[in-house]
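K.L.:
One structure coming up, written as structure tokens, with questions to follow.
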Amino acid sequence: LQRTGLAALVTVYGPRTKAEAMIEGVVRMHGRVSGRTSEGEPYHATDPELLDWVQATAGFGFMEAYHVYVHRLHFFERDTMFAEARPVALLYGAVGAPTSQAELYALFDLMRQRLVASPIVLEFLQIMEDVPVLPGVAQPLQRPFLKAAVEILPRWVRKRLALGDHWTLKPWERAFVKTTAAICESMVLPSSPAVQSCRRLGLPENYLYRRQKAPRHGQYGRDHAGFDVRIRESDGLKVRQWPP
């Protein structure tokens, strides 16, 4: 998990030469990974469809966590994230990864019938709960962060994985997660990859911490099909309506 986090930071904030070298190493490692699922279906880590899914869900996780716990993202910001991730996705081999919010939801709809529950998911969550990431007396606070990660999943995914109400944040836990996220968002640390990338480009250290003003669409945005779109926060589904 730490290696995955490091790869994400280098990919987003690192110098191009270092990022490309790291990605080449990841691709070589993926070339050695293969096997069969619990249903007997063969897989290889370099399968284009699998790479597209990993790229899509990773982007969704980062984006949705920021949207829910830090700052609301407008549709143009979501689409921008997918568009800017396109060059990196190609380097990883994810040639069909979503390039917009609309394409992400289309992929979710496509994969809905193929995804199955696996005990590995629960094993992973148990490991993340038991491993002492936070020091000493703060360790019990790991669970709210873990629940926060589960809570941003679409409702149908949680239902299929049997991640019930015990994985839903309590009000005080949600407040704690949001407060912690707000503090982290406001901390401009000189040693952070984001600040170092700004320095390298001759930009102010807080450049990436500034927010752009979003266009006023009320609670609606515009998707690539020309529909007015609203995100229903309770289950992450997209509701389409014809323009008035």
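By convention here, the chains of the structure tokens are called A, B, ... in the order presented, each chain's residues are numbered starting at 1, and ligands are numbered starting at 1 in the order presented.
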Please identify the strand (DSSP E) residues within range 6-179 of chain A (assignment by DSSP from backbone atoms) and present them as a compact mmCIF listing (two decimals) with C-alpha atoms, in the first residue's frame.
P.N.:
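Writing done, so here's out_17.txt:
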```
# COMPACT_ATOMS: atom_id res chain seq x y z
CA SER A 34 -0.99 -13.75 -13.59
CA GLY A 35 -3.32 -16.39 -12.22
CA ARG A 36 -6.95 -17.42 -11.94
CA PRO A 42 -7.66 -16.56 -15.99
CA TYR A 43 -6.22 -13.09 -15.60
CA HIS A 44 -3.01 -11.22 -16.30
```
K.L.:
Would you pick out the contacts of Val27 in chain A at 9 Å or less, using only C-alpha atoms, so that residues sharing its chain but fewer than 2 positions from it are not included, and give the list as number ranges by chain?
P.N.:
A: 22-25, 29-31, 45-46, 91-93
K.L.:
Only N, CA and C atoms, please: the residues just picked out, written as a compact mmCIF listing (two decimals), in the first residue's frame.
P.N.:
```
# COMPACT_ATOMS: atom_id res chain seq x y z
N MET A 22 9.77 5.12 -13.15
CA MET A 22 9.04 4.36 -12.15
C MET A 22 7.90 3.58 -12.80
N ILE A 23 7.18 4.22 -13.72
CA ILE A 23 6.05 3.56 -14.39
C ILE A 23 6.55 2.37 -15.21
N GLU A 24 7.69 2.51 -15.86
CA GLU A 24 8.25 1.40 -16.61
C GLU A 24 8.53 0.21 -15.69
N GLY A 25 9.01 0.50 -14.48
CA GLY A 25 9.26 -0.57 -13.51
C GLY A 25 7.98 -1.25 -13.07
N MET A 29 6.85 -5.18 -13.63
CA MET A 29 6.38 -6.01 -12.52
C MET A 29 5.03 -6.62 -12.84
N HIS A 30 4.13 -5.83 -13.43
CA HIS A 30 2.82 -6.35 -13.81
C HIS A 30 2.94 -7.49 -14.82
N GLY A 31 3.97 -7.42 -15.64
CA GLY A 31 4.15 -8.47 -16.64
C GLY A 31 4.39 -9.84 -16.05
N ALA A 45 -2.06 -9.30 -15.19
CA ALA A 45 -2.06 -7.91 -14.72
C ALA A 45 -1.93 -6.90 -15.85
N THR A 46 -1.52 -7.35 -17.03
CA THR A 46 -1.39 -6.43 -18.16
C THR A 46 -2.60 -6.48 -19.09
N LEU A 91 0.68 5.51 -20.31
CA LEU A 91 1.99 4.96 -19.93
C LEU A 91 1.84 3.66 -19.15
N TYR A 92 0.79 3.56 -18.35
CA TYR A 92 0.54 2.34 -17.59
C TYR A 92 -0.10 1.25 -18.46
N GLY A 93 -0.54 1.61 -19.66
CA GLY A 93 -1.18 0.64 -20.54
C GLY A 93 -2.68 0.66 -20.49
```
K.L.:
Please identify all polymer residues within 12 Å of range 202-211 of chain A, counting only C-alpha atoms, omitting same-chain residues fewer than 2 positions from it, and present them as a VMD selection string.
P.N.:
chain A and resid 12 to 13 71 to 74 77 182 184 to 200 213 to 214
K.L.:
As a PyMOL selection string, please: all residues of range 8-217 of chain A that backbone DSSP puts in alpha helix (DSSP H).
P.N.:
chain A and resi 8-13+16-30+48-69+75-92+101-111+119-130+142-151+155-160+171-186+193-200
K.L.:
Hey, can you check how far CA of Ala117 in chain A sits from CA of His166 in chain A?
P.N.:
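Computing it gives 17.5 Å between the two atoms.
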